[in-house]
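Engineer: As input, take protein-v2.pdb (PDB, C-alpha atoms):
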```
ATOM      1  CA  MET A   1     175.545 113.053  49.982
ATOM      2  CA  ILE A   2     175.848 115.625  52.743
ATOM      3  CA  LEU A   3     176.891 113.974  55.968
ATOM      4  CA  THR A   4     175.766 115.518  59.228
ATOM      5  CA  PHE A   5     176.052 114.387  62.788
ATOM      6  CA  PHE A   6     172.312 113.797  62.876
ATOM      7  CA  ASP A   7     172.406 110.932  60.412
ATOM      8  CA  GLN A   8     172.621 108.419  63.228
ATOM      9  CA  PHE A   9     169.078 109.354  64.213
ATOM     10  CA  SER A  10     167.488 108.670  60.844
ATOM     11  CA  SER A  11     164.996 105.858  61.043
ATOM     12  CA  PRO A  12     166.625 102.654  59.761
ATOM     13  CA  CYS A  13     165.331 101.385  56.457
ATOM     14  CA  LEU A  14     166.239  98.316  54.424
ATOM     15  CA  LEU A  15     165.196  98.404  50.789
ATOM     16  CA  GLY A  16     162.402 100.774  51.727
ATOM     17  CA  ILE A  17     161.079  98.681  54.597
ATOM     18  CA  PRO A  18     161.104 100.602  57.873
ATOM     19  CA  LEU A  19     162.963  98.669  60.516
ATOM     20  CA  ILE A  20     161.974 100.706  63.536
ATOM     21  CA  ILE A  21     159.318  98.129  64.411
ATOM     22  CA  LEU A  22     162.033  95.472  64.695
ATOM     23  CA  SER A  23     164.109  97.763  66.926
ATOM     24  CA  MET A  24     161.091  98.211  69.158
ATOM     25  CA  LEU A  25     160.194  94.521  69.226
ATOM     26  CA  PHE A  26     163.716  93.338  70.022
ATOM     27  CA  PRO A  27     163.363  93.872  73.807
ATOM     28  CA  THR A  28     160.677  91.166  73.873
ATOM     29  CA  LEU A  29     163.392  88.657  72.966
ATOM     30  CA  LEU A  30     165.270  89.606  76.096
ATOM     31  CA  PHE A  31     162.366  88.929  78.452
ATOM     32  CA  PRO A  32     161.481  85.228  78.208
ATOM     33  CA  THR A  33     158.264  84.069  79.827
ATOM     34  CA  PRO A  34     159.089  82.613  83.232
ATOM     35  CA  ASN A  35     158.180  78.943  83.461
ATOM     36  CA  ASN A  36     156.064  77.794  86.339
ATOM     37  CA  ARG A  37     158.863  76.493  88.547
ATOM     38  CA  TRP A  38     159.752  77.360  92.094
ATOM     39  CA  VAL A  39     163.370  78.172  91.223
ATOM     40  CA  THR A  40     163.794  79.799  87.817
ATOM     41  CA  ASN A  41     166.934  80.313  85.772
ATOM     42  CA  ARG A  42     169.236  83.221  86.610
ATOM     43  CA  LEU A  43     167.994  85.545  83.884
ATOM     44  CA  THR A  44     164.369  85.111  84.891
ATOM     45  CA  THR A  45     165.233  85.481  88.582
ATOM     46  CA  LEU A  46     166.972  88.780  87.963
ATOM     47  CA  GLN A  47     164.157  90.068  85.787
ATOM     48  CA  LEU A  48     161.495  89.051  88.273
ATOM     49  CA  TRP A  49     163.420  90.753  91.087
ATOM     50  CA  LEU A  50     163.698  93.928  88.987
ATOM     51  CA  THR A  51     160.023  93.855  88.037
ATOM     52  CA  HIS A  52     158.921  93.355  91.634
ATOM     53  CA  THR A  53     161.157  96.177  92.887
ATOM     54  CA  ILE A  54     159.857  98.568  90.232
ATOM     55  CA  THR A  55     156.221  97.659  90.846
ATOM     56  CA  LYS A  56     156.553  98.078  94.608
ATOM     57  CA  GLN A  57     158.266 101.456  94.210
ATOM     58  CA  LEU A  58     155.588 102.715  91.864
ATOM     59  CA  MET A  59     152.574 101.359  93.678
ATOM     60  CA  ILE A  60     153.356 102.358  97.276
ATOM     61  CA  PRO A  61     152.165 105.989  96.941
ATOM     62  CA  LEU A  62     149.062 105.015  94.972
ATOM     63  CA  ASN A  63     145.693 104.158  96.474
ATOM     64  CA  LYS A  64     143.682 101.048  95.653
ATOM     65  CA  PRO A  65     142.096 102.219  92.360
ATOM     66  CA  GLY A  66     145.552 103.286  91.227
ATOM     67  CA  HIS A  67     146.812  99.733  91.421
ATOM     68  CA  LYS A  68     144.947  98.985  88.212
ATOM     69  CA  TRP A  69     147.737 100.905  86.489
ATOM     70  CA  ALA A  70     150.453  98.565  87.785
ATOM     71  CA  LEU A  71     150.730  96.524  84.591
ATOM     72  CA  ILE A  72     150.991  99.412  82.168
ATOM     73  CA  LEU A  73     153.386 101.452  84.283
ATOM     74  CA  THR A  74     155.733  98.539  84.980
ATOM     75  CA  SER A  75     155.768  97.373  81.367
ATOM     76  CA  LEU A  76     156.370 100.951  80.196
ATOM     77  CA  MET A  77     159.284 101.190  82.602
ATOM     78  CA  MET A  78     160.829  97.915  81.390
ATOM     79  CA  LEU A  79     160.359  98.936  77.754
ATOM     80  CA  LEU A  80     162.000 102.332  78.182
ATOM     81  CA  LEU A  81     164.822 100.876  80.267
ATOM     82  CA  THR A  82     165.679  98.231  77.660
ATOM     83  CA  ILE A  83     165.281 100.532  74.670
ATOM     84  CA  ASN A  84     167.520 103.192  76.225
ATOM     85  CA  LEU A  85     170.199 100.749  77.327
ATOM     86  CA  LEU A  86     170.209  98.847  74.024
ATOM     87  CA  GLY A  87     170.759 102.145  72.229
ATOM     88  CA  LEU A  88     174.169 102.425  73.850
ATOM     89  CA  LEU A  89     175.473  99.369  72.000
ATOM     90  CA  PRO A  90     177.449 100.210  68.857
ATOM     91  CA  TYR A  91     175.543 100.639  65.586
ATOM     92  CA  THR A  92     172.133 100.165  67.209
ATOM     93  CA  PHE A  93     169.159 102.444  66.703
ATOM     94  CA  THR A  94     167.342 103.973  69.680
ATOM     95  CA  PRO A  95     163.640 104.473  68.999
ATOM     96  CA  THR A  96     163.324 106.856  71.952
ATOM     97  CA  THR A  97     165.440 109.449  70.167
ATOM     98  CA  GLN A  98     162.475 110.020  67.875
ATOM     99  CA  LEU A  99     160.164 112.704  69.217
ATOM    100  CA  SER A 100     157.211 111.042  67.494
ATOM    101  CA  MET A 101     157.595 107.876  69.525
ATOM    102  CA  ASN A 102     157.998 109.670  72.857
ATOM    103  CA  MET A 103     155.008 111.920  72.236
ATOM    104  CA  ALA A 104     153.019 108.840  71.250
ATOM    105  CA  LEU A 105     153.868 107.368  74.636
ATOM    106  CA  ALA A 106     153.488 110.499  76.733
ATOM    107  CA  PHE A 107     150.389 112.165  75.325
ATOM    108  CA  PRO A 108     147.857 109.303  75.547
ATOM    109  CA  LEU A 109     149.008 108.264  79.011
ATOM    110  CA  TRP A 110     148.865 111.817  80.350
ATOM    111  CA  LEU A 111     145.451 112.297  78.762
ATOM    112  CA  ALA A 112     144.267 109.056  80.352
ATOM    113  CA  THR A 113     145.281 110.246  83.821
ATOM    114  CA  LEU A 114     143.540 113.575  83.210
ATOM    115  CA  LEU A 115     140.313 112.014  81.949
ATOM    116  CA  VAL A 116     140.216 109.466  84.778
ATOM    117  CA  GLY A 117     140.418 112.330  87.249
ATOM    118  CA  LEU A 118     137.871 114.515  85.495
ATOM    119  CA  ARG A 119     135.434 111.664  85.156
ATOM    120  CA  ASN A 120     135.551 110.180  88.659
ATOM    121  CA  GLN A 121     136.324 113.159  90.866
ATOM    122  CA  PRO A 122     136.041 116.361  88.815
ATOM    123  CA  THR A 123     136.075 118.699  91.800
ATOM    124  CA  THR A 124     139.279 117.296  93.279
ATOM    125  CA  SER A 125     140.994 117.236  89.892
ATOM    126  CA  LEU A 126     140.126 120.824  89.126
ATOM    127  CA  GLY A 127     141.006 121.714  92.692
ATOM    128  CA  HIS A 128     144.631 120.888  91.914
ATOM    129  CA  LEU A 129     144.696 123.972  89.728
ATOM    130  CA  LEU A 130     144.928 126.153  92.830
ATOM    131  CA  PRO A 131     147.497 125.334  95.518
ATOM    132  CA  GLU A 132     146.362 125.697  99.116
ATOM    133  CA  GLY A 133     147.065 128.883 100.964
ATOM    134  CA  THR A 134     147.490 131.245  98.059
ATOM    135  CA  PRO A 135     146.729 134.913  98.760
ATOM    136  CA  THR A 136     143.366 135.960  97.281
ATOM    137  CA  PRO A 137     144.595 138.598  94.782
ATOM    138  CA  LEU A 138     146.885 136.023  93.177
ATOM    139  CA  ILE A 139     144.155 133.458  92.496
ATOM    140  CA  PRO A 140     143.238 134.343  88.853
ATOM    141  CA  ALA A 141     146.860 134.539  87.754
ATOM    142  CA  LEU A 142     147.739 131.319  89.508
ATOM    143  CA  ILE A 143     144.861 129.391  87.958
ATOM    144  CA  MET A 144     146.016 130.464  84.516
ATOM    145  CA  ILE A 145     149.572 129.493  85.314
ATOM    146  CA  GLU A 146     148.537 126.102  86.656
ATOM    147  CA  THR A 147     146.364 125.417  83.602
ATOM    148  CA  ILE A 148     149.252 126.204  81.293
ATOM    149  CA  SER A 149     151.537 123.959  83.316
ATOM    150  CA  LEU A 150     148.929 121.216  83.127
ATOM    151  CA  PHE A 151     148.848 121.341  79.349
ATOM    152  CA  ILE A 152     152.604 121.561  79.054
ATOM    153  CA  ARG A 153     153.017 118.247  80.902
ATOM    154  CA  PRO A 154     152.776 115.820  77.957
ATOM    155  CA  LEU A 155     155.057 118.030  75.890
ATOM    156  CA  ALA A 156     157.583 118.126  78.704
ATOM    157  CA  LEU A 157     157.434 114.365  79.202
ATOM    158  CA  GLY A 158     158.080 113.609  75.561
ATOM    159  CA  VAL A 159     160.661 116.271  74.906
ATOM    160  CA  ARG A 160     162.588 115.520  78.100
ATOM    161  CA  LEU A 161     163.174 111.914  77.086
ATOM    162  CA  THR A 162     163.973 112.773  73.470
ATOM    163  CA  ALA A 163     166.329 115.609  74.305
ATOM    164  CA  ASN A 164     168.272 113.705  76.961
ATOM    165  CA  LEU A 165     168.894 110.692  74.774
ATOM    166  CA  THR A 166     169.558 112.618  71.576
ATOM    167  CA  ALA A 167     171.998 114.945  73.332
ATOM    168  CA  GLY A 168     173.814 112.020  74.908
ATOM    169  CA  HIS A 169     174.214 110.122  71.649
ATOM    170  CA  LEU A 170     175.289 113.255  69.829
ATOM    171  CA  LEU A 171     177.911 114.060  72.471
ATOM    172  CA  ILE A 172     179.301 110.550  72.275
ATOM    173  CA  GLN A 173     179.596 110.837  68.515
ATOM    174  CA  LEU A 174     181.217 114.292  68.645
ATOM    175  CA  ILE A 175     183.768 113.387  71.291
ATOM    176  CA  SER A 176     184.686 110.121  69.596
ATOM    177  CA  THR A 177     185.156 111.975  66.299
ATOM    178  CA  ALA A 178     187.415 114.426  68.122
ATOM    179  CA  THR A 179     189.437 111.585  69.657
ATOM    180  CA  ILE A 180     189.984 109.872  66.331
ATOM    181  CA  THR A 181     190.844 113.111  64.547
ATOM    182  CA  LEU A 182     193.290 114.227  67.225
ATOM    183  CA  LEU A 183     195.125 110.910  67.414
ATOM    184  CA  PRO A 184     197.730 111.602  64.692
ATOM    185  CA  ILE A 185     198.031 115.279  65.576
ATOM    186  CA  MET A 186     198.225 115.559  69.375
ATOM    187  CA  PRO A 187     198.189 112.110  71.033
ATOM    188  CA  THR A 188     198.151 113.500  74.586
ATOM    189  CA  VAL A 189     195.017 115.534  74.020
ATOM    190  CA  SER A 190     193.547 112.487  72.326
ATOM    191  CA  ILE A 191     194.112 110.429  75.478
ATOM    192  CA  ILE A 192     192.430 113.106  77.573
ATOM    193  CA  THR A 193     189.482 113.133  75.175
ATOM    194  CA  LEU A 194     189.337 109.354  75.421
ATOM    195  CA  THR A 195     189.057 109.615  79.216
ATOM    196  CA  ILE A 196     186.248 112.126  78.777
ATOM    197  CA  LEU A 197     184.564 109.704  76.388
ATOM    198  CA  LEU A 198     184.741 106.872  78.921
ATOM    199  CA  LEU A 199     183.260 109.052  81.656
ATOM    200  CA  LEU A 200     180.575 110.223  79.265
ATOM    201  CA  THR A 201     179.632 106.665  78.401
ATOM    202  CA  ILE A 202     179.194 105.864  82.098
ATOM    203  CA  LEU A 203     177.040 108.968  82.393
ATOM    204  CA  GLU A 204     174.977 107.890  79.417
ATOM    205  CA  VAL A 205     174.267 104.519  80.990
ATOM    206  CA  ALA A 206     173.054 106.313  84.109
ATOM    207  CA  VAL A 207     171.020 108.810  82.092
ATOM    208  CA  ALA A 208     169.367 106.011  80.147
ATOM    209  CA  MET A 209     168.119 104.396  83.330
ATOM    210  CA  ILE A 210     167.248 107.639  85.095
ATOM    211  CA  GLN A 211     165.253 109.042  82.196
ATOM    212  CA  ALA A 212     163.138 105.909  81.964
ATOM    213  CA  TYR A 213     162.499 106.090  85.693
ATOM    214  CA  VAL A 214     161.652 109.795  85.604
ATOM    215  CA  PHE A 215     159.162 109.306  82.782
ATOM    216  CA  VAL A 216     157.246 106.611  84.615
ATOM    217  CA  LEU A 217     157.539 108.336  87.986
ATOM    218  CA  LEU A 218     156.037 111.552  86.658
ATOM    219  CA  LEU A 219     153.188 109.625  85.093
ATOM    220  CA  SER A 220     152.473 107.941  88.411
ATOM    221  CA  LEU A 221     152.554 111.366  90.096
ATOM    222  CA  TYR A 222     150.019 112.724  87.634
ATOM    223  CA  LEU A 223     147.984 109.632  88.370
ATOM    224  CA  GLN A 224     148.127 110.189  92.125
ATOM    225  CA  GLU A 225     146.602 113.609  91.727
ATOM    226  CA  ASN A 226     143.719 112.338  89.694
ATOM    227  CA  ILE A 227     142.692 108.973  91.053
TER
ATOM    228  CA  MET B   1     174.115  57.302  69.730
ATOM    229  CA  CYS B   2     172.190  54.448  68.079
ATOM    230  CA  VAL B   3     173.834  54.294  64.661
ATOM    231  CA  SER B   4     171.612  51.451  63.521
ATOM    232  CA  LEU B   5     168.504  53.617  63.864
ATOM    233  CA  SER B   6     169.854  56.585  61.852
ATOM    234  CA  ALA B   7     168.948  55.011  58.536
ATOM    235  CA  ALA B   8     165.301  55.002  59.548
ATOM    236  CA  VAL B   9     165.119  58.840  59.914
ATOM    237  CA  LEU B  10     163.487  60.523  56.924
ATOM    238  CA  LEU B  11     165.598  63.015  54.973
ATOM    239  CA  LYS B  12     163.200  65.861  55.494
ATOM    240  CA  ASP B  13     163.191  65.474  59.251
ATOM    241  CA  MET B  14     166.958  65.328  59.708
ATOM    242  CA  LYS B  15     168.673  68.183  61.465
ATOM    243  CA  LEU B  16     170.815  70.411  59.284
ATOM    244  CA  LEU B  17     174.126  69.336  60.799
ATOM    245  CA  ASP B  18     173.344  65.672  60.052
ATOM    246  CA  VAL B  19     172.602  66.253  56.360
ATOM    247  CA  LYS B  20     175.404  65.293  53.983
ATOM    248  CA  LEU B  21     176.560  67.933  51.516
ATOM    249  CA  GLY B  22     175.248  66.095  48.469
ATOM    250  CA  GLN B  23     171.802  65.767  50.038
ATOM    251  CA  LEU B  24     171.538  69.494  50.769
ATOM    252  CA  PRO B  25     169.469  70.620  47.734
ATOM    253  CA  SER B  26     166.915  67.840  48.194
ATOM    254  CA  TRP B  27     166.810  68.570  51.939
ATOM    255  CA  LEU B  28     166.103  72.235  51.227
ATOM    256  CA  ALA B  29     163.440  71.328  48.702
ATOM    257  CA  MET B  30     161.641  69.082  51.178
ATOM    258  CA  ARG B  31     161.544  71.594  54.046
ATOM    259  CA  ASP B  32     158.300  73.248  54.990
ATOM    260  CA  PHE B  33     158.342  76.816  53.691
ATOM    261  CA  THR B  34     154.757  77.695  54.489
ATOM    262  CA  PRO B  35     154.284  80.509  57.023
ATOM    263  CA  GLY B  36     153.282  77.941  59.619
ATOM    264  CA  GLY B  37     156.400  75.927  58.845
ATOM    265  CA  ILE B  38     158.699  78.953  59.094
ATOM    266  CA  LEU B  39     157.077  79.942  62.372
ATOM    267  CA  GLY B  40     157.582  76.418  63.648
ATOM    268  CA  ALA B  41     161.233  76.522  62.628
ATOM    269  CA  ILE B  42     161.732  79.864  64.419
ATOM    270  CA  ARG B  43     160.006  78.546  67.515
ATOM    271  CA  ARG B  44     162.166  75.383  67.489
ATOM    272  CA  GLY B  45     165.353  77.413  67.052
ATOM    273  CA  TYR B  46     164.377  79.767  69.852
ATOM    274  CA  ASN B  47     163.589  76.869  72.191
ATOM    275  CA  ARG B  48     166.873  75.135  71.392
ATOM    276  CA  TYR B  49     168.870  78.294  72.159
ATOM    277  CA  TYR B  50     166.829  79.008  75.278
ATOM    278  CA  THR B  51     167.126  75.528  76.775
ATOM    279  CA  LYS B  52     170.816  75.309  75.972
ATOM    280  CA  TYR B  53     172.085  78.686  77.204
ATOM    281  CA  ILE B  54     169.519  80.456  79.360
ATOM    282  CA  ASP B  55     167.217  77.993  81.083
ATOM    283  CA  VAL B  56     170.063  76.336  83.003
ATOM    284  CA  ARG B  57     170.763  76.249  86.710
ATOM    285  CA  LYS B  58     173.942  78.313  86.549
ATOM    286  CA  GLY B  59     173.615  80.349  83.398
ATOM    287  CA  GLY B  60     176.283  82.894  82.721
ATOM    288  CA  LEU B  61     176.748  86.129  80.843
ATOM    289  CA  GLY B  62     177.399  84.262  77.606
ATOM    290  CA  GLY B  63     173.779  83.391  76.920
ATOM    291  CA  ILE B  64     172.520  86.927  76.683
ATOM    292  CA  SER B  65     175.781  88.368  75.322
ATOM    293  CA  MET B  66     175.453  86.236  72.210
ATOM    294  CA  VAL B  67     171.991  87.659  71.594
ATOM    295  CA  LEU B  68     173.241  91.221  72.038
ATOM    296  CA  ALA B  69     176.263  90.602  69.821
ATOM    297  CA  GLY B  70     173.950  89.240  67.135
ATOM    298  CA  TYR B  71     171.803  92.373  67.473
ATOM    299  CA  VAL B  72     174.853  94.605  67.024
ATOM    300  CA  VAL B  73     175.877  92.663  63.890
ATOM    301  CA  ILE B  74     172.380  92.884  62.435
ATOM    302  CA  SER B  75     172.214  96.629  63.171
ATOM    303  CA  TYR B  76     175.548  97.071  61.402
ATOM    304  CA  ILE B  77     174.226  95.266  58.347
ATOM    305  CA  TRP B  78     171.036  97.360  58.342
ATOM    306  CA  SER B  79     172.893 100.660  58.557
ATOM    307  CA  TYR B  80     175.755  99.760  56.174
ATOM    308  CA  SER B  81     174.511 102.021  53.407
ATOM    309  CA  HIS B  82     174.800 104.985  55.800
ATOM    310  CA  LEU B  83     178.099 103.849  57.271
ATOM    311  CA  LYS B  84     179.980 103.506  54.017
ATOM    312  CA  HIS B  85     179.869 107.297  53.654
ATOM    313  CA  GLU B  86     181.658 107.714  56.971
ATOM    314  CA  ARG B  87     184.911 106.070  55.934
ATOM    315  CA  ARG B  88     188.051 108.166  55.692
ATOM    316  CA  ARG B  89     188.576 108.394  51.964
ATOM    317  CA  LYS B  90     189.491 111.221  49.687
ATOM    318  CA  TYR B  91     186.705 110.343  47.263
ATOM    319  CA  HIS B  92     183.651 108.506  48.546
TER
END
```
Translate this structure into structure tokens?
Structural biologist:
Amino acid sequence: MILTFFDQFSSPCLLGIPLIILSMLFPTLLFPTPNNRWVTNRLTTLQLWLTHTITKQLMIPLNKPGHKWALILTSLMMLLLTINLLGLLPYTFTPTTQLSMNMALAFPLWLATLLVGLRNQPTTSLGHLLPEGTPTPLIPALIMIETISLFIRPLALGVRLTANLTAGHLLIQLISTATITLLPIMPTVSIITLTILLLLTILEVAVAMIQAYVFVLLLSLYLQENI
Amino acid sequence: MCVSLSAAVLLKDMKLLDVKLGQLPSWLAMRDFTPGGILGAIRRGYNRYYTKYIDVRKGGLGGISMVLAGYVVISYIWSYSHLKHERRRKYH
């Protein structure tokens, strides 16, 4: 069997049963329903604080009709945050490294923001295709450019998340392979590589959280234009 | 604990840690293996873990770390068939 560095991204399977659903459902175990008490347990308190902070941050720039999107944007944010961070544990599988899953998240949500705008305020939505104050001769070219950038958005959303996480996991695997291989040969270089690995892991934790935030933030920006 | 009342508990309702080793096969045979029964058992297990480790006034890191450690172990078991090719051997 030919072993490549990309084998860690193959969808987990046990006796032919795909296990990706279980990897995606696991975060629900980590978010217990808060009971109806005034003072909740520490886990629930922390999660409620996080949820409230995220919702406030996302909803401040949006107008009143945009607040209908609070539930889906906040839950998307929590899902991506947990999935990305859980993927950094050893031997776990990260569903967001699969392009299919990220496109399945990005494309329908982007399309929903577009259709909401085109349905309720078509003139304003189409008006975003031409920035204010452009010189007249540039208008046709700019409209084409803006249309292309509009249609690239879902692709960019999905690929950005996939590429960041895949690259991070791949780098971790490569550098750890280098550390282990160098250990009997040149221990000093191995120690340096180990330091690089530690710094990279810290970076990966940050990237996991930032990428989730960027995904949801961009969606809320597309929503602001259209609602 | 009221030792005098323990004889009145039915075998099929006893908790696993109270069952004697000789009674284990009959205990297993009497348990409820219908989907509703399994769901009930999962729900009971979840509630016991939750009330013991998480839903306490001063819960610590241990409650959630055990869940994450269990997830790592299960992921290892799921991906073992891939991992056994990554060992350092001359012949796999």
Engineer: When you draw a straight line from atom CA of Phe215 of chain A to atom CA of Ala163 of chain A, how long is it in Å?
Structural biologist: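 It comes out at 12.8 Å.
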Engineer: What residues in chain B have any atom no more than 8 Å from chain A when counting all atoms listed in the file, and can you write them as an NGL selection string?
Structural biologist: :B and (54-59 or 64 or 71-72 or 75-76 or 78-79 or 82 or 85-86)
Engineer: Quick check, in Å to one decimal: how far apart do atom CA of Val216 of chain A and atom CA of Met77 of chain A lie?
Structural biologist: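 Distance between the two atoms: 6.1 Å.
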Engineer: How many Å lie between atom CA of Phe6 of chain A and atom CA of His169 of chain A, rounded to one decimal?
Structural biologist: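 Going from atom CA of Phe6 of chain A over to atom CA of His169 of chain A, I get 9.7 Å.
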Engineer: What residues come out when you apply the PyMOL selection byres ((chain A and resi 175) around 10) to this file, written as a list of chain:residue names?
Structural biologist: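 That selection, the PyMOL selection byres ((chain A and resi 175) around 10), comes back as A:Leu170, A:Leu171, A:Ile172, A:Gln173, A:Leu174, A:Ser176, A:Thr177, A:Ala178, A:Thr179, A:Ile180, A:Thr181, A:Ser190, A:Thr193, A:Leu194, A:Ile196, A:Leu197, A:Leu200.
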Engineer: May I have the residues from that selection written out with C-alpha atoms, as a PDB file, keeping the file's coordinate frame?
Structural biologist:
```pdb
ATOM      1  CA  LEU A 170     175.289 113.255  69.829  1.00  0.00           C
ATOM      2  CA  LEU A 171     177.911 114.060  72.471  1.00  0.00           C
ATOM      3  CA  ILE A 172     179.301 110.550  72.275  1.00  0.00           C
ATOM      4  CA  GLN A 173     179.596 110.837  68.515  1.00  0.00           C
ATOM      5  CA  LEU A 174     181.217 114.292  68.645  1.00  0.00           C
ATOM      6  CA  SER A 176     184.686 110.121  69.596  1.00  0.00           C
ATOM      7  CA  THR A 177     185.156 111.975  66.299  1.00  0.00           C
ATOM      8  CA  ALA A 178     187.415 114.426  68.122  1.00  0.00           C
ATOM      9  CA  THR A 179     189.437 111.585  69.657  1.00  0.00           C
ATOM     10  CA  ILE A 180     189.984 109.872  66.331  1.00  0.00           C
ATOM     11  CA  THR A 181     190.844 113.111  64.547  1.00  0.00           C
ATOM     12  CA  SER A 190     193.547 112.487  72.326  1.00  0.00           C
ATOM     13  CA  THR A 193     189.482 113.133  75.175  1.00  0.00           C
ATOM     14  CA  LEU A 194     189.337 109.354  75.421  1.00  0.00           C
ATOM     15  CA  ILE A 196     186.248 112.126  78.777  1.00  0.00           C
ATOM     16  CA  LEU A 197     184.564 109.704  76.388  1.00  0.00           C
ATOM     17  CA  LEU A 200     180.575 110.223  79.265  1.00  0.00           C
TER      18      LEU A 200
END
```
Engineer: Using all atoms listed in the file, pick whichever of A:Leu25, A:Leu203, A:Ile191, A:Val159 has the shortest atom-to-atom distance to Met103 of chain A.
Structural biologist: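 The closest residue to Met103 of chain A is A:Val159.
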Engineer: Residue by residue, what does the PyMOL selection byres ((chain A and resi 157) around 10) grab here? Present the result as a PDB file with C-alpha atoms, in the coordinates of the input.
Structural biologist:
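This is the output file result-v8.pdb:
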```
ATOM      1  CA  ASN A 102     157.998 109.670  72.857  1.00  0.00           C
ATOM      2  CA  MET A 103     155.008 111.920  72.236  1.00  0.00           C
ATOM      3  CA  LEU A 105     153.868 107.368  74.636  1.00  0.00           C
ATOM      4  CA  ALA A 106     153.488 110.499  76.733  1.00  0.00           C
ATOM      5  CA  PHE A 107     150.389 112.165  75.325  1.00  0.00           C
ATOM      6  CA  TRP A 110     148.865 111.817  80.350  1.00  0.00           C
ATOM      7  CA  ILE A 152     152.604 121.561  79.054  1.00  0.00           C
ATOM      8  CA  ARG A 153     153.017 118.247  80.902  1.00  0.00           C
ATOM      9  CA  PRO A 154     152.776 115.820  77.957  1.00  0.00           C
ATOM     10  CA  LEU A 155     155.057 118.030  75.890  1.00  0.00           C
ATOM     11  CA  ALA A 156     157.583 118.126  78.704  1.00  0.00           C
ATOM     12  CA  GLY A 158     158.080 113.609  75.561  1.00  0.00           C
ATOM     13  CA  VAL A 159     160.661 116.271  74.906  1.00  0.00           C
ATOM     14  CA  ARG A 160     162.588 115.520  78.100  1.00  0.00           C
ATOM     15  CA  LEU A 161     163.174 111.914  77.086  1.00  0.00           C
ATOM     16  CA  THR A 162     163.973 112.773  73.470  1.00  0.00           C
ATOM     17  CA  GLN A 211     165.253 109.042  82.196  1.00  0.00           C
ATOM     18  CA  VAL A 214     161.652 109.795  85.604  1.00  0.00           C
ATOM     19  CA  PHE A 215     159.162 109.306  82.782  1.00  0.00           C
ATOM     20  CA  VAL A 216     157.246 106.611  84.615  1.00  0.00           C
ATOM     21  CA  LEU A 218     156.037 111.552  86.658  1.00  0.00           C
ATOM     22  CA  LEU A 219     153.188 109.625  85.093  1.00  0.00           C
TER      23      LEU A 219
END
```
Engineer: Would you write out, as a list in words, every residue that the PyMOL selection byres ((chain A and resi 217) around 12) captures in this file?
Structural biologist: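 Answer for the PyMOL selection byres ((chain A and resi 217) around 12): Ile54, Thr55, Gln57, Leu58, Met59, Ile60, Pro61, Leu62, Leu73, Thr74, Leu76, Met77, Leu157, Ile210, Gln211, Ala212, Tyr213, Val214, Phe215, Val216, Leu218, Leu219, Ser220, Leu221, Tyr222, Leu223 and Gln224 of chain A.
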Engineer: Rank A:Val207, A:Thr82, A:Met186, A:Leu130 by their smallest atom-to-atom distance to Thr28 of chain A, using all atoms listed in the file, and report the top residue only.
Structural biologist: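 When distances to Thr28 of chain A are compared using all atoms listed in the file, the smallest one comes from A:Thr82.
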